[in-house]
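A.B. asks: Contents of coords.tsv (TSV, C-alpha atoms and all ligand atoms):
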```tsv
chain	number	residue	atom	x	y	z
A	125	MET	CA	0.00	0.00	0.00
A	126	LEU	CA	2.72	2.36	1.00
A	127	VAL	CA	4.64	1.79	-2.23
A	128	GLN	CA	1.51	2.20	-4.32
A	129	GLY	CA	0.62	5.41	-2.52
A	130	LEU	CA	4.11	6.77	-3.03
A	131	LEU	CA	4.03	5.93	-6.73
A	132	SER	CA	0.74	7.67	-7.26
A	133	ILE	CA	2.03	10.77	-5.50
A	134	LEU	CA	5.10	10.83	-7.72
A	135	ALA	CA	2.99	10.25	-10.82
A	136	PHE	CA	0.71	13.08	-9.75
A	137	ALA	CA	3.67	15.38	-9.24
A	138	GLY	CA	4.46	14.67	-12.86
A	139	THR	CA	7.75	16.47	-12.96
A	140	ALA	CA	9.84	13.94	-11.03
A	141	PHE	CA	9.13	11.21	-13.50
A	142	GLY	CA	6.07	9.75	-15.12
A	143	GLU	CA	3.81	10.58	-17.95
A	144	LEU	CA	2.90	14.00	-19.20
A	145	VAL	CA	0.25	14.73	-21.81
A	146	LEU	CA	1.23	17.74	-23.90
A	147	ASP	CA	-1.45	17.88	-26.57
A	148	ARG	CA	-4.76	16.12	-27.28
A	149	PHE	CA	-5.62	18.36	-30.25
A	150	ASP	CA	-9.13	18.93	-28.89
A	151	ASN	CA	-8.93	22.73	-28.71
A	152	SER	CA	-7.54	24.86	-31.54
A	153	GLY	CA	-6.36	27.57	-29.12
A	154	ILE	CA	-4.59	25.67	-26.32
A	155	ASN	CA	-2.99	22.29	-25.67
A	156	ALA	CA	-3.59	19.81	-22.83
A	157	LEU	CA	-1.36	21.87	-20.52
A	158	GLY	CA	-3.36	25.03	-21.22
A	159	ASN	CA	-0.51	26.53	-23.23
A	160	TRP	CA	-0.31	27.90	-26.73
A	161	HIS	CA	-0.19	25.79	-29.84
A	162	GLY	CA	-0.69	26.77	-33.46
A	163	CYS	CA	0.25	26.45	-37.11
A	164	ASP	CA	2.30	28.68	-39.38
A	165	GLY	CA	-0.10	30.71	-41.47
A	166	SER	CA	0.84	29.35	-44.84
A	167	MET	CA	0.02	25.69	-44.16
A	168	SER	CA	-3.35	23.95	-44.14
A	169	CYS	CA	-4.43	23.07	-40.59
A	170	GLN	CA	-7.85	21.56	-40.06
A	171	TRP	CA	-9.08	21.09	-36.51
A	172	ASN	CA	-11.44	18.10	-36.30
A	173	GLY	CA	-12.61	18.26	-32.67
A	174	ASP	CA	-10.19	15.65	-31.37
A	175	SER	CA	-7.43	15.78	-33.95
A	176	LEU	CA	-5.56	18.09	-36.28
A	177	THR	CA	-4.96	17.43	-39.98
A	178	ILE	CA	-1.90	19.11	-41.48
A	179	GLN	CA	-1.03	19.50	-45.13
A	180	SER	CA	1.91	21.63	-46.16
A	181	ALA	CA	3.36	22.44	-49.56
A	182	ASP	CA	6.42	24.15	-48.08
A	183	THR	CA	9.05	22.50	-45.84
A	184	ASP	CA	9.46	25.80	-43.98
A	185	ASN	CA	6.11	25.41	-42.19
A	186	SER	CA	5.70	24.21	-38.61
A	187	PHE	CA	3.07	23.37	-36.02
A	188	PHE	CA	4.23	24.31	-32.50
A	189	THR	CA	2.93	23.18	-29.13
A	190	GLN	CA	4.51	24.50	-25.95
A	191	PHE	CA	5.12	22.97	-22.54
A	192	LYS	CA	5.31	26.47	-21.12
A	193	GLY	CA	5.57	30.00	-22.43
A	194	ALA	CA	8.88	30.28	-20.59
A	195	CYS	CA	11.06	27.23	-19.86
A	196	GLN	CA	9.97	23.75	-18.87
A	197	ASP	CA	12.56	21.71	-17.00
A	198	LEU	CA	12.50	18.28	-18.63
A	199	GLY	CA	15.94	17.36	-17.32
A	200	SER	CA	14.48	14.38	-15.43
A	201	PHE	CA	12.72	13.03	-18.53
A	202	ASN	CA	15.80	11.93	-20.45
A	203	ASP	CA	15.01	8.21	-20.09
A	204	GLN	CA	11.43	8.66	-21.27
A	205	PHE	CA	9.89	8.74	-24.72
A	206	LEU	CA	8.04	11.31	-26.72
A	207	HIS	CA	4.94	9.49	-27.99
A	208	ILE	CA	3.05	10.91	-30.95
A	209	VAL	CA	-0.12	9.35	-32.33
A	210	CYS	CA	-0.85	10.19	-35.94
A	211	SER	CA	-2.27	8.68	-39.11
A	212	GLY	CA	-1.40	9.39	-42.73
A	213	ASP	CA	1.90	10.53	-44.17
A	214	LYS	CA	4.98	10.17	-41.96
A	215	LYS	CA	7.48	12.17	-44.03
A	216	PHE	CA	7.91	14.97	-41.53
A	217	SER	CA	10.29	16.02	-38.76
A	218	VAL	CA	9.82	16.30	-35.01
A	219	ALA	CA	11.82	18.93	-33.14
A	220	LEU	CA	12.23	19.62	-29.42
A	221	THR	CA	12.90	23.32	-28.97
A	222	GLN	CA	15.08	25.08	-26.39
A	223	ASN	CA	14.24	28.55	-25.09
A	224	ASN	CA	16.76	31.38	-24.74
A	225	ASN	CA	18.60	31.83	-21.44
A	226	GLY	CA	16.11	34.44	-20.25
A	227	CYS	CA	13.20	32.04	-20.94
A	228	ASP	CA	11.66	35.11	-22.53
A	229	MET	CA	9.70	35.25	-25.79
A	230	SER	CA	10.40	38.97	-26.18
A	231	ARG	CA	14.15	38.28	-26.48
A	232	ALA	CA	16.02	37.09	-29.57
A	233	PRO	CA	16.57	34.36	-30.52
A	234	TYR	CA	13.29	32.67	-29.64
A	235	PRO	CA	13.58	29.70	-29.57
A	236	GLU	CA	17.34	29.53	-29.13
A	237	THR	CA	17.80	26.19	-30.91
A	238	TRP	CA	16.34	22.72	-31.35
A	239	ASP	CA	17.25	19.18	-32.26
A	240	ILE	CA	15.25	17.23	-34.75
A	241	VAL	CA	14.46	13.67	-35.88
A	242	ASN	CA	12.64	12.02	-38.76
A	243	ALA	CA	9.17	10.81	-37.73
A	244	GLU	CA	9.39	7.99	-40.27
A	245	ASP	CA	12.42	6.44	-38.53
A	246	TYR	CA	10.43	5.90	-35.31
A	247	SER	CA	7.02	5.14	-36.77
A	248	ASN	CA	5.11	1.91	-36.18
A	249	GLY	CA	1.54	2.05	-37.43
A	250	GLU	CA	0.00	5.14	-35.87
A	251	ASP	CA	2.54	5.33	-33.04
A	252	ILE	CA	5.82	7.20	-32.96
A	253	TYR	CA	8.06	6.68	-29.93
A	254	ILE	CA	11.18	8.87	-29.80
A	255	PRO	CA	13.64	8.57	-26.90
A	256	MET	CA	13.89	11.99	-25.26
A	257	SER	CA	17.66	11.44	-25.21
A	258	HIS	CA	17.65	11.68	-29.02
A	259	PHE	CA	16.97	15.40	-28.73
A	260	ASN	CA	20.31	16.97	-27.98
A	261	ILE	CA	19.20	20.24	-26.37
A	262	MET	CA	19.48	21.83	-22.93
A	263	LYS	CA	16.37	20.17	-21.48
A	264	SER	CA	16.22	22.44	-18.45
A	265	ARG	CA	15.04	25.09	-20.93
A	266	THR	CA	12.63	23.06	-23.03
A	267	LEU	CA	10.09	25.21	-24.82
A	268	GLY	CA	7.97	22.80	-26.86
A	269	VAL	CA	7.55	20.37	-29.71
A	270	ALA	CA	7.47	21.35	-33.38
A	271	LEU	CA	6.02	19.16	-36.13
A	272	LYS	CA	7.63	20.50	-39.26
A	273	ALA	CA	9.37	19.99	-42.60
A	274	PHE	CA	6.47	18.06	-44.15
A	275	ARG	CA	8.18	16.71	-47.26
A	276	ASN	CA	5.23	15.26	-49.14
A	277	PRO	CA	3.21	18.24	-50.39
A	278	GLY	CA	0.33	16.12	-51.71
A	279	ALA	CA	-0.21	14.16	-48.50
A	280	SER	CA	-1.69	14.96	-45.11
A	281	THR	CA	-1.11	13.79	-41.54
A	282	THR	CA	-3.71	13.71	-38.74
A	283	PHE	CA	-2.41	14.10	-35.18
A	284	SER	CA	-4.37	13.11	-32.07
A	285	LEU	CA	-1.88	12.92	-29.18
A	286	ILE	CA	1.55	14.09	-28.02
A	287	GLU	CA	2.72	12.89	-24.62
A	288	ILE	CA	5.79	11.78	-22.71
A	289	VAL	CA	5.64	8.18	-21.51
A	290	ASP	CA	7.86	5.87	-19.47
A	291	SER	CA	8.34	3.09	-21.99
A	292	ALA	CA	8.11	2.26	-25.67
A	293	PRO	CA	6.85	-1.10	-26.94
A	294	GLY	CA	9.46	-2.82	-29.08
A	295	GLY	CA	12.82	-1.42	-29.98
A	296	VAL	CA	13.74	2.08	-31.04
A	297	PRO	CA	16.34	2.96	-33.67
A	298	GLU	CA	19.72	4.50	-32.99
A	299	LYS	CA	19.93	8.28	-32.99
A	300	LYS	CA	21.12	9.57	-36.37
A	301	PRO	CA	23.74	12.22	-35.59
A	302	THR	CA	22.83	15.86	-36.18
A	303	GLY	CA	25.16	18.83	-35.93
A	304	PRO	CA	24.38	21.94	-33.91
A	305	LEU	CA	22.10	24.76	-35.06
A	306	TYR	CA	23.01	28.27	-33.91
A	307	PHE	CA	20.90	31.41	-33.90
A	308	SER	CA	23.23	33.43	-31.72
A	309	CYS	CA	26.84	33.92	-30.75
A	310	THR	CA	28.00	32.16	-27.62
A	311	ARG	CA	30.96	34.41	-26.69
A	312	PRO	CA	29.84	37.07	-24.20
A	313	ASN	CA	29.45	40.55	-25.73
A	314	SER	CA	30.07	39.39	-29.28
A	315	ILE	CA	28.20	40.10	-32.46
A	316	ALA	CA	28.71	38.68	-35.95
A	317	PHE	CA	27.66	39.43	-39.50
A	318	GLY	CA	26.83	36.45	-41.71
A	319	ILE	CA	26.61	37.77	-45.25
A	320	ASP	CA	25.19	35.47	-47.93
A	321	ASP	CA	24.45	35.83	-51.62
A	322	GLY	CA	24.98	39.01	-53.57
A	323	ILE	CA	25.01	40.42	-57.06
A	324	PRO	CA	28.20	41.22	-59.00
A	325	SER	CA	27.47	44.95	-59.39
A	326	LEU	CA	27.38	45.47	-55.60
A	327	THR	CA	30.44	43.45	-54.60
A	328	GLU	CA	32.90	46.37	-54.64
A	329	ASP	CA	30.70	48.75	-52.65
A	330	MET	CA	29.85	46.08	-50.10
A	331	MET	CA	33.50	45.08	-49.50
A	332	LYS	CA	34.62	48.69	-49.32
A	333	ILE	CA	32.12	49.43	-46.53
A	334	VAL	CA	32.95	46.30	-44.54
A	335	ASP	CA	36.69	46.88	-44.72
A	336	SER	CA	36.54	50.62	-44.09
A	337	GLU	CA	34.49	49.97	-40.93
A	338	GLY	CA	37.37	47.81	-39.69
A	339	ILE	CA	35.24	44.72	-39.00
A	340	LYS	CA	35.71	41.04	-39.88
A	341	VAL	CA	32.66	39.16	-41.14
A	342	THR	CA	31.66	35.71	-42.37
A	343	PHE	CA	30.54	35.13	-45.95
A	344	PHE	CA	28.37	32.12	-46.82
A	345	VAL	CA	29.03	31.32	-50.45
A	346	VAL	CA	26.85	29.52	-53.01
A	347	GLY	CA	28.98	26.91	-54.78
A	348	ASN	CA	27.83	27.34	-58.37
A	349	SER	CA	28.43	31.08	-58.39
A	350	LEU	CA	31.93	30.51	-57.01
A	351	ASP	CA	32.59	27.97	-59.78
A	352	ASN	CA	31.32	30.30	-62.52
A	353	PRO	CA	34.37	31.96	-64.17
A	354	ASP	CA	32.16	34.72	-65.61
A	355	LEU	CA	31.25	35.95	-62.13
A	356	PRO	CA	33.50	37.96	-59.79
A	357	PHE	CA	32.90	35.89	-56.65
A	358	LYS	CA	36.05	33.78	-56.59
A	359	ALA	CA	38.24	36.87	-56.77
A	360	LEU	CA	36.04	38.69	-54.26
A	361	TYR	CA	36.22	35.98	-51.61
A	362	LYS	CA	39.94	35.38	-52.17
A	363	ARG	CA	40.45	39.02	-51.35
A	364	ALA	CA	38.09	38.74	-48.38
A	365	LEU	CA	40.11	35.83	-46.97
A	366	ALA	CA	43.33	37.78	-47.44
A	367	ASN	CA	41.73	40.62	-45.46
A	368	GLY	CA	40.91	38.32	-42.55
A	369	HIS	CA	37.27	37.50	-43.23
A	370	GLN	CA	35.79	33.99	-42.91
A	371	VAL	CA	34.16	31.99	-45.69
A	372	GLY	CA	31.59	29.21	-45.18
A	373	PHE	CA	29.34	27.31	-47.58
A	374	HIS	CA	25.71	27.92	-48.49
A	375	SER	CA	24.69	24.96	-50.76
A	376	TYR	CA	25.54	24.55	-54.44
A	377	THR	CA	22.35	25.71	-56.19
A	378	HIS	CA	20.44	27.34	-53.29
A	379	PRO	CA	17.34	25.10	-53.04
A	380	LYS	CA	15.23	24.45	-49.96
A	381	LEU	CA	17.24	21.37	-49.03
A	382	GLU	CA	14.62	19.57	-46.98
A	383	GLY	CA	12.25	19.73	-49.95
A	384	LEU	CA	14.60	17.91	-52.33
A	385	ASN	CA	13.23	14.53	-53.28
A	386	SER	CA	16.22	12.30	-52.57
A	387	VAL	CA	18.96	11.89	-50.01
A	388	SER	CA	21.57	11.93	-52.78
A	389	ALA	CA	20.30	15.31	-54.03
A	390	ILE	CA	20.73	16.74	-50.51
A	391	ASP	CA	24.18	15.14	-50.17
A	392	ASP	CA	25.22	16.64	-53.52
A	393	GLU	CA	24.35	20.14	-52.34
A	394	PHE	CA	26.56	19.77	-49.27
A	395	LEU	CA	29.46	17.95	-50.91
A	396	ARG	CA	29.65	20.11	-54.03
A	397	SER	CA	29.43	23.43	-52.17
A	398	HIS	CA	31.96	22.36	-49.55
A	399	ASP	CA	34.22	21.22	-52.38
A	400	ALA	CA	33.75	24.46	-54.35
A	401	VAL	CA	34.93	26.49	-51.33
A	402	MET	CA	37.88	24.14	-50.86
A	403	ARG	CA	38.90	24.10	-54.55
A	404	ASN	CA	38.48	27.80	-55.28
A	405	LEU	CA	39.48	29.28	-51.94
A	406	GLY	CA	41.50	26.60	-50.17
A	407	VAL	CA	39.20	26.58	-47.14
A	408	ASP	CA	37.98	23.33	-45.59
A	409	SER	CA	34.96	24.96	-43.96
A	410	ARG	CA	32.76	23.53	-41.22
A	411	TYR	CA	30.33	26.46	-41.28
A	412	PHE	CA	27.12	26.18	-43.24
A	413	ARG	CA	24.15	28.44	-43.73
A	414	ALA	CA	21.01	26.78	-45.07
A	415	PRO	CA	19.27	28.51	-47.98
A	416	TYR	CA	16.22	30.35	-46.57
A	417	GLY	CA	17.20	29.07	-43.12
A	418	THR	CA	15.15	25.96	-43.86
A	419	ASP	CA	15.73	23.15	-41.41
A	420	GLY	CA	14.61	19.55	-41.19
A	421	ALA	CA	15.82	16.20	-39.90
A	422	LEU	CA	17.17	15.03	-43.27
A	423	THR	CA	19.08	18.28	-43.79
A	424	ARG	CA	20.65	18.06	-40.36
A	425	GLN	CA	21.48	14.35	-40.61
A	426	ARG	CA	22.89	14.48	-44.12
A	427	LEU	CA	25.06	17.51	-43.34
A	428	GLU	CA	26.58	15.68	-40.38
A	429	ALA	CA	27.06	12.56	-42.53
A	430	THR	CA	28.67	14.34	-45.50
A	431	VAL	CA	30.71	17.13	-43.86
A	432	PRO	CA	31.04	15.96	-40.23
A	433	GLY	CA	31.39	18.56	-37.52
A	434	THR	CA	29.69	21.31	-39.48
A	435	LYS	CA	27.78	23.97	-37.58
A	436	ILE	CA	24.58	25.37	-39.10
A	437	ILE	CA	24.48	29.13	-38.72
A	438	ASN	CA	21.04	30.74	-38.62
A	439	TRP	CA	20.44	34.21	-37.26
A	440	SER	CA	18.86	36.44	-34.62
A	441	VAL	CA	19.18	39.73	-36.54
A	442	ASP	CA	17.28	39.76	-39.83
A	443	ILE	CA	17.77	42.86	-41.96
A	444	GLU	CA	14.54	41.92	-43.79
A	445	ASP	CA	15.94	42.76	-47.20
A	446	TRP	CA	13.68	40.00	-48.55
A	447	ILE	CA	10.73	42.29	-47.71
A	448	TRP	CA	12.11	45.82	-48.09
A	449	GLY	CA	15.11	45.47	-50.37
A	450	PRO	CA	13.43	46.36	-53.67
A	451	ASN	CA	11.82	49.53	-52.30
A	452	ASP	CA	12.95	51.03	-49.01
A	453	PRO	CA	12.54	54.83	-48.91
A	454	ASP	CA	11.86	54.73	-45.15
A	455	ARG	CA	14.90	52.62	-44.33
A	456	GLN	CA	12.86	49.75	-42.94
A	457	GLN	CA	15.91	47.48	-43.09
A	458	THR	CA	17.66	49.70	-40.54
A	459	LEU	CA	14.58	49.65	-38.32
A	460	ALA	CA	14.50	45.84	-38.52
A	461	VAL	CA	18.15	45.69	-37.46
A	462	GLN	CA	17.59	48.09	-34.56
A	463	ARG	CA	14.56	46.12	-33.38
A	464	ASP	CA	16.42	42.78	-33.38
A	465	LEU	CA	19.51	44.27	-31.74
A	466	SER	CA	17.33	45.71	-28.97
A	467	LYS	CA	15.97	42.22	-28.29
A	468	GLY	CA	19.50	40.90	-27.83
A	469	GLY	CA	19.99	39.46	-31.31
A	470	ASN	CA	23.70	39.17	-32.13
A	471	LEU	CA	24.02	37.08	-35.30
A	472	PHE	CA	23.11	38.76	-38.58
A	473	VAL	CA	21.73	37.49	-41.83
A	474	ALA	CA	22.45	39.97	-44.60
A	475	HIS	CA	22.90	39.92	-48.38
A	476	TYR	CA	24.08	42.39	-50.99
A	477	LEU	CA	21.26	41.88	-53.45
A	478	TYR	CA	19.82	45.41	-53.39
A	479	ILE	CA	21.26	48.91	-53.59
A	480	SER	CA	19.05	49.87	-50.65
A	481	THR	CA	20.78	47.25	-48.48
A	482	VAL	CA	24.28	48.35	-49.37
A	483	GLU	CA	23.27	51.98	-48.78
A	484	GLN	CA	22.23	51.06	-45.24
A	485	LEU	CA	25.05	48.59	-44.50
A	486	ARG	CA	27.24	51.20	-42.83
A	487	GLN	CA	24.32	52.10	-40.57
A	488	PHE	CA	23.79	48.42	-39.62
A	489	ILE	CA	27.43	48.24	-38.59
A	490	LYS	CA	27.17	51.51	-36.60
A	491	ASP	CA	24.07	50.19	-34.81
A	492	ALA	CA	25.83	46.92	-34.04
A	493	LYS	CA	28.84	48.81	-32.65
A	494	ALA	CA	26.50	51.01	-30.59
A	495	THR	CA	25.38	47.95	-28.58
A	496	GLY	CA	28.86	47.96	-27.04
A	497	LYS	CA	29.46	44.42	-28.26
A	498	GLN	CA	32.50	43.51	-30.33
A	499	ILE	CA	31.96	42.63	-34.00
A	500	MET	CA	33.80	39.50	-35.11
A	501	ARG	CA	33.65	36.51	-37.43
A	502	VAL	CA	31.12	33.75	-36.74
A	503	ASP	CA	33.83	31.22	-35.80
A	504	GLN	CA	35.23	33.73	-33.30
A	505	CYS	CA	31.82	34.52	-31.83
A	506	LEU	CA	31.22	30.79	-31.33
A	507	MET	CA	34.60	30.46	-29.57
A	508	ASP	CA	35.92	27.96	-32.12
A	509	PRO	CA	39.44	26.98	-30.94
A	510	ASN	CA	40.55	27.00	-34.60
A	511	ALA	CA	39.37	30.57	-35.19
A	512	PRO	CA	42.04	33.26	-35.46
A	513	PRO	CA	42.68	35.17	-32.23
A	514	LEU	CA	40.67	38.36	-31.75
B	601	ZN	ZN	20.94	32.51	-49.55
```
Hey, can you dump this file as structure tokens for me?
Ligand SMILES: [Zn+2]
C.D. replies:
Amino acid sequence: MLVQGLLSILAFAGTAFGELVLDRFDNSGINALGNWHGCDGSMSCQWNGDSLTIQSADTDNSFFTQFKGACQDLGSFNDQFLHIVCSGDKKFSVALTQNNNGCDMSRAPYPETWDIVNAEDYSNGEDIYIPMSHFNIMKSRTLGVALKAFRNPGASTTFSLIEIVDSAPGGVPEKKPTGPLYFSCTRPNSIAFGIDDGIPSLTEDMMKIVDSEGIKVTFFVVGNSLDNPDLPFKALYKRALANGHQVGFHSYTHPKLEGLNSVSAIDDEFLRSHDAVMRNLGVDSRYFRAPYGTDGALTRQRLEATVPGTKIINWSVDIEDWIWGPNDPDRQQTLAVQRDLSKGGNLFVAHYLYISTVEQLRQFIKDAKATGKQIMRVDQCLMDPNAPPL
């Protein structure tokens, strides 16, 4: 009796160990814990009363469901399993997200990172059991679960339960290794510019501004433009390296990687772009930026398998040139930078695709300097022991 009573108390406490229901999909506004859940706007989400049917034509879309608005400590759940019940297509990813160190949704980045697995690998009928230990995040700051990167645009999946349980029937597969995903610098008081694609006519102006401001930045280079002898990029990035900047890779043809229809097509994008940077610039880079920032389990697993040890570099300061670049009389890109910097963002995504961006680049750098943080390369801001000294 005593043992039984003790067990039921512990089960009731729920946080020591035991089962925890996160989402029953019976309320479109809140999950089973009374916290927020919802779909990205551009995917089809149909609430059926006791389930949710998702169809997505774009691998960028996600459904999120949160343990807490702040941080949920799931540190004691590492031996348990995330159990998802769903019918229909299983070609999607499951991510466990980690909040920022302030556990604060008004700070950037939010979330801070996540780890991700392929639902298909763990699927048995309508059940998916994923060991919590397969999500390599700081579990004391767990934010929630994301169902994302739906790779089969014609198919749908209907979800009816997400919970954490003590055991999984049958065996579970090995964890497929995934590299880390960064949205922010880890060195205290650091800030970094990650500059991606550009157009030939703006290369000279862009480099002149960066160098005259006395900063070192990281360029993420698309392989096929580096390989194209009619374009100025090889010469540009050779000069950038000579001036102390860093170069990483950014795919070969700039597709949404998770949406490619074969593993070999994804592998090709990694291998060929890594090779293009090595061949043209002599750099064996382990820094990758995903086109469009798109993430999914296949992308993460194949990157680790093809170019082991590579870090994926996303961002927490978005200049929003993809919105304002073509027409920016009110300098909205500068306002976007100032807003993200004020939230604590310290890792930029920028391009030199528009005159309006290059015209405001000096201002972005001034605003970054005005935070009091030190501007440096991405490898330096992540305290890479192989990075050049500051
Ligand atoms: Zn890009």
A.B. asks: Between A:Arg275, A:Lys380, A:Lys300, A:Lys435, which one has atoms that come closest to ligand ZN 601 (chain B), using all atoms listed in the file?
C.D. replies: A:Lys380
A.B. asks: Got a sec to check which residues lie within 9 Å of ligand ZN 601 (chain B), using only C-alpha atoms and all ligand atoms, and send them as a list in words?
C.D. replies: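 With only C-alpha atoms and all ligand atoms and a cut-off of 9 Å, ligand ZN 601 (chain B) is contacted by Ile319, Asp320, Asp321, Gly322, Phe344, Val345, Val346, His374, Ser375, His378, Pro379, Arg413, Ala414, Pro415, Tyr416, Gly417 and His475 of chain A.
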A.B. asks: With distances taken over all atoms listed in the file, which of A:Asn385, A:Ala366, A:Arg424, A:Gly212 is nearest to Val407 in chain A?
C.D. replies: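 Ranked by minimum distance to Val407 in chain A, first place goes to A:Ala366.
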A.B. asks: When distances are computed from all atoms listed in the file, which of A:Ile339, A:Ala364, A:Ile240, A:Ile489 shows the smallest separation from Gln425 in chain A?
C.D. replies: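 Closest residue, counting all atoms listed in the file: A:Ile240.
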A.B. asks: Which of these, A:Ala273, A:Ile208, A:Ala492, A:Val401, has the shortest distance to Leu384 in chain A once you count only C-alpha atoms?
C.D. replies: A:Ala273
A.B. asks: Taking 3 positions as the minimum chain separation for residues in the same chain, which residues sit within 9 Å of Thr377 in chain A when counting all atoms listed in the file? Answer as a list of chain:residue names.
C.D. replies: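 Once the adjacent positions are removed, what remains is A:Val346, A:Gly347, A:Asn348, A:Ser349, A:His374, A:Glu393, A:Ser397.
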A.B. asks: How would the residues just picked look written out with C-alpha atoms as a compact mmCIF listing (two decimals), keeping the file's coordinate frame?
C.D. replies:
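The new file result_13.txt reads:
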```txt
# COMPACT_ATOMS: atom_id res chain seq x y z
CA VAL A 346 26.85 29.52 -53.01
CA GLY A 347 28.98 26.91 -54.78
CA ASN A 348 27.83 27.34 -58.37
CA SER A 349 28.43 31.08 -58.39
CA HIS A 374 25.71 27.92 -48.49
CA GLU A 393 24.35 20.14 -52.34
CA SER A 397 29.43 23.43 -52.17
```
A.B. asks: Quick one: distance from CA of Ser247 in chain A to CA of Gly165 in chain A in Å, one decimal?
C.D. replies: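 According to the coordinates, CA of Ser247 in chain A and CA of Gly165 in chain A are separated by 27.0 Å.
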A.B. asks: Have a look at A:Gln484, A:Ser280, A:Thr189, A:Ser152 and name the one nearest to Gly268 in chain A; count all atoms listed in the file.
C.D. replies: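 Smallest distance to Gly268 in chain A is found for A:Thr189.
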A.B. asks: Work out how far CA of Gly338 in chain A is from CA of Asn367 in chain A, in Å to one decimal.
C.D. replies: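 Separation of CA of Asn367 in chain A and CA of Gly338 in chain A: 10.2 Å.
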